[in-house]
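Below is my_file.cif, which holds mmCIF, C-alpha atoms and all ligand atoms.
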data_run
loop_
_atom_site.label_atom_id
_atom_site.label_comp_id
_atom_site.auth_asym_id
_atom_site.auth_seq_id
_atom_site.Cartn_x
_atom_site.Cartn_y
_atom_site.Cartn_z
CA MET A 1 -39.54 11.50 -43.98
CA ARG A 2 -37.21 14.06 -42.36
CA ARG A 3 -38.93 17.19 -41.11
CA ILE A 4 -37.21 20.47 -41.98
CA LEU A 5 -38.46 23.74 -40.48
CA LEU A 6 -37.37 27.10 -41.90
CA VAL A 7 -37.74 30.06 -39.52
CA PHE A 8 -37.53 33.71 -40.55
CA GLY A 9 -39.23 36.97 -39.68
CA THR A 10 -37.91 40.11 -41.35
CA ARG A 11 -37.84 41.43 -44.91
CA PRO A 12 -34.23 40.55 -45.77
CA GLU A 13 -34.48 37.04 -44.34
CA ALA A 14 -37.67 36.44 -46.31
CA ILE A 15 -36.09 37.65 -49.56
CA LYS A 16 -33.22 35.21 -49.05
CA MET A 17 -35.18 32.26 -47.59
CA CYS A 18 -38.25 32.18 -49.87
CA PRO A 19 -36.24 30.95 -52.87
CA LEU A 20 -34.85 28.19 -50.61
CA VAL A 21 -38.35 27.26 -49.41
CA LYS A 22 -39.38 26.86 -53.04
CA GLU A 23 -36.32 24.79 -53.92
CA LEU A 24 -36.77 22.48 -50.92
CA LYS A 25 -40.48 22.05 -51.56
CA GLN A 26 -39.78 20.84 -55.10
CA ARG A 27 -38.05 17.81 -53.63
CA ASP A 28 -40.24 15.03 -52.37
CA THR A 29 -37.61 13.59 -50.07
CA MET A 30 -38.29 15.91 -47.13
CA ASN A 31 -41.23 17.37 -45.26
CA ILE A 32 -40.82 21.17 -45.42
CA LYS A 33 -42.56 23.59 -43.07
CA VAL A 34 -42.20 27.36 -42.70
CA CYS A 35 -42.49 29.35 -39.47
CA VAL A 36 -42.47 33.14 -39.61
CA THR A 37 -42.03 35.08 -36.39
CA GLY A 38 -43.62 38.22 -37.84
CA GLN A 39 -40.77 40.32 -36.39
CA HIS A 40 -41.70 42.49 -39.38
CA ARG A 41 -45.34 42.51 -40.41
CA GLU A 42 -46.09 44.50 -43.57
CA MET A 43 -42.52 44.25 -44.92
CA LEU A 44 -42.48 40.48 -44.38
CA ASP A 45 -45.95 39.90 -45.81
CA ALA A 46 -45.02 41.84 -48.96
CA VAL A 47 -42.14 39.44 -49.65
CA LEU A 48 -44.23 36.34 -48.87
CA GLN A 49 -46.75 37.57 -51.39
CA VAL A 50 -44.18 38.19 -54.14
CA PHE A 51 -42.72 34.70 -53.72
CA GLN A 52 -46.12 33.14 -52.96
CA VAL A 53 -44.94 31.43 -49.81
CA VAL A 54 -47.66 30.64 -47.25
CA PRO A 55 -46.27 30.01 -43.74
CA ASP A 56 -47.41 27.03 -41.71
CA TYR A 57 -46.85 28.92 -38.45
CA ASP A 58 -46.94 32.67 -37.76
CA LEU A 59 -45.86 33.90 -34.32
CA ALA A 60 -47.16 37.42 -35.12
CA ILE A 61 -44.86 39.07 -32.60
CA MET A 62 -44.36 42.57 -34.06
CA LYS A 63 -45.36 45.61 -32.09
CA GLN A 64 -44.67 49.25 -32.91
CA GLY A 65 -41.34 50.49 -31.59
CA GLN A 66 -40.42 47.04 -30.27
CA SER A 67 -37.24 46.74 -28.21
CA LEU A 68 -34.70 43.93 -28.39
CA PHE A 69 -36.19 42.65 -25.14
CA ASP A 70 -39.67 42.53 -26.67
CA THR A 71 -38.57 40.58 -29.74
CA THR A 72 -36.22 38.27 -27.87
CA GLU A 73 -38.59 37.19 -25.12
CA THR A 74 -41.68 36.84 -27.30
CA ILE A 75 -39.94 34.82 -29.99
CA LEU A 76 -38.24 32.55 -27.42
CA SER A 77 -41.42 31.62 -25.59
CA ARG A 78 -43.57 31.23 -28.73
CA MET A 79 -40.88 29.24 -30.56
CA LYS A 80 -40.97 26.50 -27.91
CA ASN A 81 -44.59 25.66 -28.69
CA ILE A 82 -43.89 25.53 -32.42
CA LEU A 83 -40.86 23.27 -31.98
CA ASP A 84 -42.78 20.99 -29.61
CA ASN A 85 -45.56 20.76 -32.15
CA ALA A 86 -43.58 20.53 -35.42
CA LYS A 87 -40.84 18.27 -33.99
CA PRO A 88 -38.34 19.17 -36.73
CA ASP A 89 -35.23 17.08 -37.38
CA LEU A 90 -33.45 20.21 -38.59
CA VAL A 91 -34.20 23.93 -38.33
CA LEU A 92 -32.84 26.42 -40.86
CA VAL A 93 -32.31 30.03 -39.83
CA HIS A 94 -30.85 32.90 -41.80
CA GLY A 95 -28.29 35.60 -41.15
CA ASP A 96 -28.14 37.77 -38.07
CA THR A 97 -31.54 39.01 -36.92
CA THR A 98 -33.13 38.56 -33.50
CA THR A 99 -35.50 36.09 -35.15
CA ALA A 100 -32.59 33.96 -36.34
CA PHE A 101 -30.65 34.14 -33.07
CA VAL A 102 -33.60 33.40 -30.81
CA ALA A 103 -34.93 30.59 -33.02
CA ALA A 104 -31.46 29.02 -32.94
CA LEU A 105 -31.33 29.47 -29.14
CA ALA A 106 -34.70 27.74 -28.75
CA CYS A 107 -33.36 24.85 -30.85
CA PHE A 108 -30.24 24.71 -28.72
CA TYR A 109 -32.32 24.43 -25.54
CA LEU A 110 -34.31 21.58 -27.11
CA GLN A 111 -31.21 20.00 -28.71
CA ILE A 112 -32.56 20.32 -32.26
CA PRO A 113 -29.87 20.64 -34.97
CA VAL A 114 -29.60 24.03 -36.68
CA GLY A 115 -28.44 24.89 -40.20
CA HIS A 116 -27.26 28.48 -40.61
CA VAL A 117 -27.82 30.05 -44.02
CA GLU A 118 -25.49 33.02 -44.72
CA ALA A 119 -22.99 31.90 -42.09
CA GLY A 120 -19.54 33.26 -41.36
CA LEU A 121 -19.91 36.98 -42.11
CA ARG A 122 -18.01 38.97 -39.51
CA THR A 123 -16.90 42.43 -38.47
CA TYR A 124 -15.58 41.13 -35.12
CA ASP A 125 -16.91 44.38 -33.66
CA LEU A 126 -19.84 43.67 -31.38
CA THR A 127 -20.98 47.30 -31.61
CA ALA A 128 -21.46 47.25 -35.38
CA PRO A 129 -23.71 46.00 -36.74
CA PHE A 130 -25.55 45.96 -33.39
CA PRO A 131 -26.85 43.54 -32.24
CA GLU A 132 -26.39 41.57 -35.48
CA GLU A 133 -22.67 40.81 -35.11
CA PHE A 134 -23.38 39.09 -31.80
CA ASN A 135 -26.41 37.30 -33.23
CA ARG A 136 -24.46 35.88 -36.16
CA GLN A 137 -21.55 34.73 -34.05
CA ALA A 138 -23.90 33.15 -31.48
CA ILE A 139 -25.82 31.29 -34.19
CA GLY A 140 -22.46 30.05 -35.44
CA LEU A 141 -21.75 28.55 -32.01
CA ILE A 142 -25.04 26.67 -32.04
CA SER A 143 -25.18 25.50 -35.67
CA ARG A 144 -24.39 22.04 -36.92
CA TYR A 145 -24.26 23.11 -40.59
CA HIS A 146 -22.86 26.41 -41.83
CA PHE A 147 -23.86 27.57 -45.32
CA ALA A 148 -21.23 30.21 -46.08
CA PRO A 149 -21.86 32.49 -49.06
CA THR A 150 -18.18 33.04 -49.86
CA GLU A 151 -14.74 31.59 -49.32
CA ARG A 152 -13.94 34.52 -47.02
CA ALA A 153 -16.90 33.61 -44.80
CA ARG A 154 -15.71 29.99 -44.73
CA GLN A 155 -12.26 31.19 -43.68
CA ASN A 156 -13.75 33.15 -40.76
CA LEU A 157 -15.50 30.00 -39.56
CA LEU A 158 -12.35 27.92 -39.92
CA ASN A 159 -10.34 30.52 -38.00
CA GLU A 160 -12.88 30.18 -35.20
CA GLY A 161 -12.24 26.44 -35.06
CA LYS A 162 -15.41 25.16 -36.73
CA ASP A 163 -15.21 21.64 -38.13
CA PRO A 164 -14.33 22.00 -41.85
CA SER A 165 -16.79 19.27 -42.76
CA SER A 166 -19.67 21.33 -41.30
CA ILE A 167 -19.04 24.28 -43.67
CA TYR A 168 -20.42 24.50 -47.22
CA VAL A 169 -19.64 27.42 -49.56
CA THR A 170 -22.79 27.92 -51.62
CA GLY A 171 -22.99 31.56 -52.72
CA ASN A 172 -25.75 33.79 -51.38
CA THR A 173 -29.40 32.94 -51.99
CA VAL A 174 -30.05 36.64 -52.69
CA ILE A 175 -28.51 36.14 -56.13
CA ASP A 176 -31.06 33.38 -56.76
CA ALA A 177 -33.79 35.89 -55.83
CA LEU A 178 -32.31 38.63 -58.00
CA LYS A 179 -32.41 36.38 -61.06
CA THR A 180 -36.19 36.21 -60.84
CA THR A 181 -36.97 39.89 -60.18
CA VAL A 182 -35.03 42.19 -62.53
CA ARG A 183 -36.89 42.79 -65.79
CA LYS A 184 -36.00 44.68 -68.95
CA ASP A 185 -39.51 46.04 -69.59
CA TYR A 186 -40.08 47.32 -66.04
CA ALA A 187 -41.78 50.72 -65.57
CA HIS A 188 -42.93 52.70 -62.52
CA PRO A 189 -44.32 56.25 -62.10
CA GLU A 190 -41.48 57.19 -59.71
CA LEU A 191 -38.94 56.19 -62.36
CA GLU A 192 -40.84 58.33 -64.87
CA TRP A 193 -40.52 61.25 -62.44
CA ALA A 194 -36.74 60.70 -62.24
CA LYS A 195 -36.27 60.29 -66.00
CA GLY A 196 -33.55 62.56 -67.40
CA SER A 197 -31.84 62.94 -64.00
CA ARG A 198 -29.19 60.89 -62.29
CA LEU A 199 -31.19 58.72 -59.89
CA ILE A 200 -29.93 58.21 -56.35
CA LEU A 201 -31.60 55.43 -54.37
CA ILE A 202 -31.44 55.74 -50.59
CA THR A 203 -32.20 53.38 -47.68
CA ALA A 204 -31.21 53.57 -44.00
CA HIS A 205 -32.36 51.71 -40.94
CA ARG A 206 -29.45 50.31 -38.82
CA ARG A 207 -30.15 50.37 -35.11
CA GLU A 208 -26.69 51.75 -34.24
CA ASN A 209 -27.29 54.63 -36.68
CA LEU A 210 -30.60 55.75 -35.16
CA GLY A 211 -30.34 59.27 -33.76
CA GLU A 212 -27.33 61.47 -34.44
CA PRO A 213 -25.55 59.34 -37.12
CA MET A 214 -28.78 59.22 -39.13
CA ARG A 215 -29.29 62.97 -38.78
CA GLN A 216 -25.75 63.48 -40.09
CA MET A 217 -26.40 61.15 -43.06
CA PHE A 218 -29.56 62.98 -44.01
CA ARG A 219 -28.01 66.45 -43.63
CA ALA A 220 -25.14 65.44 -45.93
CA ILE A 221 -27.55 64.02 -48.51
CA ARG A 222 -29.68 67.15 -48.47
CA MET A 223 -26.66 69.39 -48.93
CA VAL A 224 -25.35 67.39 -51.90
CA LEU A 225 -28.79 67.32 -53.56
CA ASP A 226 -29.09 71.10 -53.18
CA GLU A 227 -25.75 71.52 -54.95
CA HIS A 228 -26.51 69.14 -57.89
CA PRO A 229 -29.64 70.10 -59.85
CA ASP A 230 -29.24 67.19 -62.31
CA VAL A 231 -29.79 64.65 -59.53
CA LYS A 232 -33.05 63.23 -58.16
CA ALA A 233 -33.35 60.86 -55.21
CA ILE A 234 -35.88 58.23 -54.19
CA TYR A 235 -35.97 57.00 -50.63
CA PRO A 236 -38.27 54.02 -49.95
CA ILE A 237 -38.38 54.47 -46.23
CA HIS A 238 -38.28 51.71 -43.61
CA LEU A 239 -41.40 51.46 -41.41
CA ASN A 240 -39.42 52.06 -38.19
CA PRO A 241 -41.09 55.17 -36.67
CA ILE A 242 -37.73 56.54 -35.41
CA VAL A 243 -36.24 56.42 -38.90
CA ARG A 244 -39.32 58.06 -40.39
CA LYS A 245 -39.39 60.93 -37.90
CA THR A 246 -35.73 61.81 -38.54
CA ALA A 247 -36.05 61.47 -42.32
CA TYR A 248 -39.14 63.68 -42.61
CA GLU A 249 -37.58 66.26 -40.28
CA ILE A 250 -34.40 66.63 -42.31
CA LEU A 251 -35.29 65.56 -45.85
CA GLY A 252 -38.96 66.57 -45.98
CA GLY A 253 -39.81 69.36 -48.43
CA GLU A 254 -36.82 68.67 -50.70
CA ASP A 255 -38.26 68.92 -54.26
CA ARG A 256 -35.83 66.52 -55.90
CA LEU A 257 -36.16 63.84 -53.24
CA HIS A 258 -39.20 61.59 -52.95
CA ILE A 259 -39.68 59.72 -49.71
CA ILE A 260 -41.96 56.80 -50.59
CA GLU A 261 -43.31 53.74 -48.78
CA PRO A 262 -41.14 50.56 -48.81
CA LEU A 263 -41.10 48.99 -52.25
CA ASP A 264 -41.91 45.37 -52.96
CA VAL A 265 -38.73 43.44 -53.61
CA LEU A 266 -39.54 43.15 -57.29
CA ASP A 267 -39.89 46.93 -57.55
CA PHE A 268 -36.85 47.60 -55.40
CA HIS A 269 -34.54 45.37 -57.44
CA ASN A 270 -35.71 47.10 -60.61
CA PHE A 271 -35.19 50.53 -59.05
CA MET A 272 -31.67 49.44 -58.06
CA ALA A 273 -30.90 48.27 -61.57
CA ARG A 274 -31.87 51.73 -62.91
CA SER A 275 -30.05 53.84 -60.31
CA TYR A 276 -26.96 55.92 -60.91
CA LEU A 277 -25.81 55.42 -57.36
CA ILE A 278 -27.13 53.91 -54.10
CA LEU A 279 -26.62 55.28 -50.59
CA THR A 280 -27.42 52.79 -47.85
CA ASP A 281 -26.56 51.25 -44.50
CA SER A 282 -28.35 48.01 -45.44
CA GLY A 283 -26.64 44.64 -45.55
CA GLY A 284 -28.48 42.93 -48.39
CA ILE A 285 -28.10 45.82 -50.80
CA GLN A 286 -24.33 45.47 -50.49
CA GLU A 287 -24.70 41.96 -51.90
CA GLU A 288 -27.14 42.78 -54.68
CA ALA A 289 -25.47 45.91 -56.08
CA PRO A 290 -22.20 44.33 -57.29
CA SER A 291 -24.02 41.87 -59.51
CA LEU A 292 -26.11 44.73 -60.95
CA GLY A 293 -23.02 46.90 -61.44
CA ILE A 294 -24.41 49.83 -59.43
CA PRO A 295 -21.97 51.76 -57.23
CA VAL A 296 -22.91 51.95 -53.55
CA LEU A 297 -21.83 54.32 -50.81
CA VAL A 298 -22.19 52.33 -47.60
CA MET A 299 -22.99 54.75 -44.79
CA ARG A 300 -21.29 52.69 -42.11
CA ASN A 301 -17.86 52.52 -40.46
CA THR A 302 -17.41 48.82 -41.01
CA THR A 303 -18.94 45.99 -43.01
CA GLU A 304 -19.30 42.25 -42.61
CA ARG A 305 -19.54 42.14 -46.41
CA PRO A 306 -16.07 43.22 -47.56
CA GLU A 307 -16.35 41.27 -50.83
CA GLY A 308 -18.13 44.14 -52.60
CA VAL A 309 -15.54 46.62 -51.33
CA ALA A 310 -12.76 44.37 -52.63
CA ALA A 311 -14.60 44.06 -55.96
CA GLY A 312 -14.62 47.88 -56.16
CA THR A 313 -18.42 48.39 -56.29
CA LEU A 314 -18.84 49.50 -52.67
CA LYS A 315 -17.19 52.23 -50.67
CA LEU A 316 -17.52 52.76 -46.93
CA THR A 317 -18.20 56.41 -46.14
CA GLY A 318 -18.45 56.32 -42.34
CA THR A 319 -21.47 57.99 -40.78
CA SER A 320 -20.31 61.58 -40.27
CA GLU A 321 -21.89 64.40 -42.24
CA ALA A 322 -18.49 65.55 -43.53
CA SER A 323 -17.35 62.16 -44.80
CA ILE A 324 -20.67 61.31 -46.48
CA TYR A 325 -20.82 64.77 -48.06
CA SER A 326 -17.30 64.40 -49.41
CA CYS A 327 -17.69 60.82 -50.79
CA PHE A 328 -21.09 61.58 -52.33
CA THR A 329 -19.88 64.81 -53.95
CA GLN A 330 -16.76 63.15 -55.31
CA LEU A 331 -18.72 60.34 -56.94
CA LEU A 332 -21.11 62.78 -58.60
CA GLU A 333 -18.35 65.03 -59.89
CA ASP A 334 -15.53 62.63 -60.75
CA GLU A 335 -16.55 60.54 -63.76
CA THR A 336 -13.34 58.47 -63.68
CA GLU A 337 -13.86 57.52 -60.06
CA TYR A 338 -17.50 56.68 -60.77
CA MET A 339 -16.67 54.49 -63.77
CA LYS A 340 -14.07 52.63 -61.69
CA MET A 341 -16.87 51.58 -59.33
CA LYS A 342 -19.46 50.90 -62.01
CA HIS A 343 -18.81 47.40 -63.17
CA THR A 344 -20.46 44.11 -62.44
CA ALA A 345 -18.81 41.69 -60.09
CA ASN A 346 -20.26 38.60 -58.59
CA PRO A 347 -18.71 37.76 -55.24
CA TYR A 348 -21.87 35.97 -54.11
CA GLY A 349 -22.13 33.07 -56.52
CA ASP A 350 -23.99 32.22 -59.67
CA GLY A 351 -27.54 32.06 -58.37
CA THR A 352 -27.51 28.36 -57.53
CA ALA A 353 -27.12 28.72 -53.76
CA CYS A 354 -30.58 27.32 -52.99
CA ARG A 355 -29.97 24.24 -55.09
CA GLN A 356 -26.59 23.68 -53.42
CA ILE A 357 -28.00 24.11 -49.91
CA ALA A 358 -30.91 21.78 -50.67
CA ASP A 359 -28.47 19.18 -52.06
CA VAL A 360 -26.51 19.26 -48.80
CA ILE A 361 -29.63 19.03 -46.66
CA GLU A 362 -30.86 16.04 -48.63
CA MET A 363 -27.50 14.34 -48.18
CA VAL A 364 -26.65 14.95 -44.48
C1 LIG A 401 -34.49 44.29 -38.14
C2 LIG A 401 -33.24 43.47 -37.81
C3 LIG A 401 -32.07 43.92 -38.68
C4 LIG A 401 -32.43 43.91 -40.15
C5 LIG A 401 -33.70 44.73 -40.36
C6 LIG A 401 -34.13 44.65 -41.79
C7 LIG A 401 -32.83 42.77 -35.50
C8 LIG A 401 -32.28 43.14 -34.19
N1 LIG A 401 -32.86 43.74 -36.42
O1 LIG A 401 -34.24 45.62 -37.76
O2 LIG A 401 -30.98 43.04 -38.46
O3 LIG A 401 -31.38 44.50 -40.87
O4 LIG A 401 -34.74 44.18 -39.54
O5 LIG A 401 -35.03 45.65 -42.12
O6 LIG A 401 -33.26 41.66 -35.70
N2 LIG A 401 -41.96 48.02 -38.57
C9 LIG A 401 -43.26 48.01 -39.01
N3 LIG A 401 -43.61 47.12 -39.98
C10 LIG A 401 -42.74 46.25 -40.56
C11 LIG A 401 -41.40 46.28 -40.12
C12 LIG A 401 -41.04 47.16 -39.11
O7 LIG A 401 -44.09 48.78 -38.56
O8 LIG A 401 -43.12 45.49 -41.45
C13 LIG A 401 -41.56 48.98 -37.51
C14 LIG A 401 -42.15 48.61 -36.14
O9 LIG A 401 -42.45 49.77 -35.46
C15 LIG A 401 -40.97 47.90 -35.47
C16 LIG A 401 -39.80 48.72 -36.02
O10 LIG A 401 -40.14 48.98 -37.37
O11 LIG A 401 -41.09 47.93 -34.07
C17 LIG A 401 -38.45 48.06 -35.91
O12 LIG A 401 -38.46 46.71 -36.39
P1 LIG A 401 -37.35 45.68 -35.85
O13 LIG A 401 -37.52 44.39 -36.56
O14 LIG A 401 -37.35 45.64 -34.37
O15 LIG A 401 -36.00 46.38 -36.23
P2 LIG A 401 -35.37 46.70 -37.66
O16 LIG A 401 -34.65 47.99 -37.52
O17 LIG A 401 -36.39 46.55 -38.70
N1 LIG A 402 -35.63 46.09 -50.16
C1 LIG A 402 -36.97 46.04 -50.60
N2 LIG A 402 -37.71 47.18 -50.56
C2 LIG A 402 -37.23 48.36 -50.11
C3 LIG A 402 -35.89 48.40 -49.63
C4 LIG A 402 -35.12 47.24 -49.67
O1 LIG A 402 -37.44 45.00 -51.04
O2 LIG A 402 -37.97 49.35 -50.12
C5 LIG A 402 -34.83 44.85 -50.19
C6 LIG A 402 -33.43 44.94 -50.76
O3 LIG A 402 -33.42 44.65 -52.14
C7 LIG A 402 -32.68 43.88 -49.96
C8 LIG A 402 -33.39 43.87 -48.63
O4 LIG A 402 -34.65 44.49 -48.84
O5 LIG A 402 -32.86 42.61 -50.54
C9 LIG A 402 -32.59 44.60 -47.59
O6 LIG A 402 -33.37 44.69 -46.46
P1 LIG A 402 -33.04 45.68 -45.28
O7 LIG A 402 -32.26 46.83 -45.78
O8 LIG A 402 -34.35 45.93 -44.60
O9 LIG A 402 -32.19 44.76 -44.30
P2 LIG A 402 -30.65 44.34 -44.22
O10 LIG A 402 -30.26 43.74 -45.52
O11 LIG A 402 -29.90 45.58 -43.88
O12 LIG A 402 -30.61 43.36 -43.11
#

Go ahead and express the file in the form of structure tokens.
Ligand code: UD1
Ligand code: UDP
Amino acid sequence: MRRILLVFGTRPEAIKMCPLVKELKQRDTMNIKVCVTGQHREMLDAVLQVFQVVPDYDLAIMKQGQSLFDTTETILSRMKNILDNAKPDLVLVHGDTTTAFVAALACFYLQIPVGHVEAGLRTYDLTAPFPEEFNRQAIGLISRYHFAPTERARQNLLNEGKDPSSIYVTGNTVIDALKTTVRKDYAHPELEWAKGSRLILITAHRRENLGEPMRQMFRAIRMVLDEHPDVKAIYPIHLNPIVRKTAYEILGGEDRLHIIEPLDVLDFHNFMARSYLILTDSGGIQEEAPSLGIPVLVMRNTTERPEGVAAGTLKLTGTSEASIYSCFTQLLEDETEYMKMKHTANPYGDGTACRQIADVIEMV
């Protein structure tokens, strides 16, 4: 029986790979194993628990304030032992994290075929997202199979000269996840607190935004909140200590903004579905929001996910205080503009991506 090893390590990869693990495990034609690097610890474990996925291998690499050197070298050396031991015929990695890049690199050194889930997204700007744009392109160089979420992603891969027969357009597995999490009867004390106000959901964590860009984001948000008493904001904050220090410094003490611990994915998706507006620099949220019909201000200068912008649900604000202040204010005050953004669109498929990917893997 062919041995397939899935490797992931951070929250977003887990959210998008766990549904695939479950789909693959339902089939009795392949031997499926899961390796987590533990690049994230608590945020990864929370997702594994929601989806009830128990890893076969855990590299447990996370340390507080880890650098790219820390994650890269620890994953690379520990991955070799796992690959030697598991002897997979195919390794599946996801997206653009250090976990995905380094796992693919380890496979390349050992000449093990790689399948790349969420392949072909590009900004073609190696500074943003950093280092993810490089990671995703490098994984593309190494991969034998490219699972592209959209036609646009496929086109990027074709333009780079990839063999057309190695590319499969499947939709994004995040839509599969979303189908299982959003519930009509959902309730949460924080949502009770926000009842009667327009709820703004905030997340921010990008490495290239740490420092001054993040301070500018938070200052703009604080100013807009002060000027709009009918608005309340919830910010489930990333565990990165640098993000937390900046956020508490600038947003702490604001009565209508609650900074809370990261939410489980089930909670977060339900918070999203009940938000008036989302402000984020996250990648995954840009994919989830269009199918929920929630407008998003993307606090970045560029995006590798232009589908949501084209669909009208997302708007790039840049990272300066002035531009975020102006876009945020406009969306709160201009009902017509808001309604133009608030509609559901589904650029990322119909929630059958896992089934489609598993079909391909069974066949190749
Ligand atoms: C990583 C990925 C990024 C992805 C993001 C999702 C890279 C280079 N970056 O960035 O692509 O968008 O995850 O969130 O792969 N921490 C904890 N507990 C956790 C998770 C993080 O304490 O469960 C803290 C640790 O101090 C850790 C720090 O956050 O050192 C940063 O984590 P790291 O994975 O290095 O970077 P992210 O910014 O999370
Ligand atoms: N998310 C979550 N809890 C939170 C914030 C986000 O479960 O408190 C989910 C969100 O729905 C999305 C993913 O985490 O699926 C995005 O992860 P993140 O922003 O950490 O990474 P990125 O997508 O930017 O790589």

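When all atoms listed in the file are used to measure the gap to A:Ser320, the shortest distance among A:Tyr124, A:Tyr186, A:Phe218, A:Phe108 belongs to A:Phe218.
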
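With all atoms listed in the file taken into account, every residue lying no more than 8 Å from the file point (-36.8, 21.4, -45.0) is included here: Arg2, Arg3, Ile4, Leu5, Leu6, Val21, Leu24, Lys25, Met30, Asn31, Ile32, Lys33, Leu90, Val91, Leu92 and Ile361 of chain A.
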
- Query: Which residues, written as a list in words, have at least one atom at most 7 Å from stretch 231-246 of chain A, with all atoms listed in the file counted and residues fewer than 6 positions away on the same chain left out?
  - Reply: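 Residues meeting the cut-off are Gly65, Ala194, Ser197, Arg198, Leu199, Ile200, Leu201, Ile202, Thr203, His205, Leu210, Arg215, Leu225, Arg256, Leu257, His258, Ile259, Ile260, Glu261, Pro262 and Leu263 of chain A.
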
Kindly save the residues from that selection, with C-alpha atoms included, as a PDB file, in the coordinates of the input.
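Printed below is out-v9.pdb as written:
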ATOM      1  CA  GLY A  65     -41.340  50.490 -31.590  1.00  0.00           C
ATOM      2  CA  ALA A 194     -36.740  60.700 -62.240  1.00  0.00           C
ATOM      3  CA  SER A 197     -31.840  62.940 -64.000  1.00  0.00           C
ATOM      4  CA  ARG A 198     -29.190  60.890 -62.290  1.00  0.00           C
ATOM      5  CA  LEU A 199     -31.190  58.720 -59.890  1.00  0.00           C
ATOM      6  CA  ILE A 200     -29.930  58.210 -56.350  1.00  0.00           C
ATOM      7  CA  LEU A 201     -31.600  55.430 -54.370  1.00  0.00           C
ATOM      8  CA  ILE A 202     -31.440  55.740 -50.590  1.00  0.00           C
ATOM      9  CA  THR A 203     -32.200  53.380 -47.680  1.00  0.00           C
ATOM     10  CA  HIS A 205     -32.360  51.710 -40.940  1.00  0.00           C
ATOM     11  CA  LEU A 210     -30.600  55.750 -35.160  1.00  0.00           C
ATOM     12  CA  ARG A 215     -29.290  62.970 -38.780  1.00  0.00           C
ATOM     13  CA  LEU A 225     -28.790  67.320 -53.560  1.00  0.00           C
ATOM     14  CA  ARG A 256     -35.830  66.520 -55.900  1.00  0.00           C
ATOM     15  CA  LEU A 257     -36.160  63.840 -53.240  1.00  0.00           C
ATOM     16  CA  HIS A 258     -39.200  61.590 -52.950  1.00  0.00           C
ATOM     17  CA  ILE A 259     -39.680  59.720 -49.710  1.00  0.00           C
ATOM     18  CA  ILE A 260     -41.960  56.800 -50.590  1.00  0.00           C
ATOM     19  CA  GLU A 261     -43.310  53.740 -48.780  1.00  0.00           C
ATOM     20  CA  PRO A 262     -41.140  50.560 -48.810  1.00  0.00           C
ATOM     21  CA  LEU A 263     -41.100  48.990 -52.250  1.00  0.00           C
TER      22      LEU A 263
END

Could you make a table, as a Markdown table, of the residues of chain A that have an atom within 8 Å of an atom of ligand LIG 402 (chain A), each with its nearest atom pair and distance in Å to one decimal, counting only C-alpha atoms and all ligand atoms, in chain and number order?
| residue | atom | partner | partner_atom | distance |
| --- | --- | --- | --- | --- |
| A:Thr10 | CA | A:LIG402 | O8 | 7.6 |
| A:Arg11 | CA | A:LIG402 | O8 | 5.7 |
| A:Pro12 | CA | A:LIG402 | O6 | 4.3 |
| A:Glu13 | CA | A:LIG402 | O12 | 7.5 |
| A:Ile15 | CA | A:LIG402 | O5 | 6.0 |
| A:Lys16 | CA | A:LIG402 | O5 | 7.6 |
| A:Met43 | CA | A:LIG402 | N2 | 8.0 |
| A:Val47 | CA | A:LIG402 | O1 | 7.4 |
| A:Asp96 | CA | A:LIG402 | O12 | 7.9 |
| A:Thr97 | CA | A:LIG402 | O12 | 7.6 |
| A:Val174 | CA | A:LIG402 | O5 | 6.9 |
| A:Thr203 | CA | A:LIG402 | C3 | 6.5 |
| A:Ala204 | CA | A:LIG402 | O7 | 7.0 |
| A:His205 | CA | A:LIG402 | O7 | 6.9 |
| A:Arg206 | CA | A:LIG402 | O11 | 6.9 |
| A:Tyr235 | CA | A:LIG402 | O2 | 7.9 |
| A:Pro236 | CA | A:LIG402 | O2 | 4.7 |
| A:Ile237 | CA | A:LIG402 | O2 | 6.4 |
| A:His238 | CA | A:LIG402 | O2 | 6.9 |
| A:Glu261 | CA | A:LIG402 | O2 | 7.0 |
| A:Pro262 | CA | A:LIG402 | O2 | 3.6 |
| A:Leu263 | CA | A:LIG402 | O2 | 3.8 |
| A:Asp264 | CA | A:LIG402 | O1 | 4.9 |
| A:Val265 | CA | A:LIG402 | O1 | 3.3 |
| A:Leu266 | CA | A:LIG402 | O1 | 6.8 |
| A:Asp267 | CA | A:LIG402 | O1 | 7.2 |
| A:Phe268 | CA | A:LIG402 | N2 | 4.9 |
| A:His269 | CA | A:LIG402 | O3 | 5.5 |
| A:Met272 | CA | A:LIG402 | O3 | 7.8 |
| A:Thr280 | CA | A:LIG402 | O7 | 8.0 |
| A:Asp281 | CA | A:LIG402 | O11 | 6.6 |
| A:Ser282 | CA | A:LIG402 | O11 | 3.3 |
| A:Gly283 | CA | A:LIG402 | O10 | 3.7 |
| A:Gly284 | CA | A:LIG402 | O10 | 3.5 |
| A:Ile285 | CA | A:LIG402 | C7 | 5.0 |
| A:Gln286 | CA | A:LIG402 | O10 | 7.9 |
| A:Glu288 | CA | A:LIG402 | O3 | 7.0 |

- Message: If I take atom P1 of ligand LIG 401 (chain A) and atom CA of A:Ile75, how far is one from the other in Å, to one decimal?
- Response: 12.6 Å

- Message: Rounded to one decimal, what separation in Å do you get between atom CA of A:Val296 and atom CA of A:Ile278?
- Response: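 Calculated distance between atom CA of A:Val296 and atom CA of A:Ile278 is 4.7 Å.
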
- Item | For A:Ala273: contacts at 9 Å, all atoms listed in the file, fewer than 4 positions along chain excluded, given as a list in words |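 With the cut-off at 9 Å, the set is Val182, Phe268, His269, Ala289, Leu292, Gly293 and Ile294 of chain A.
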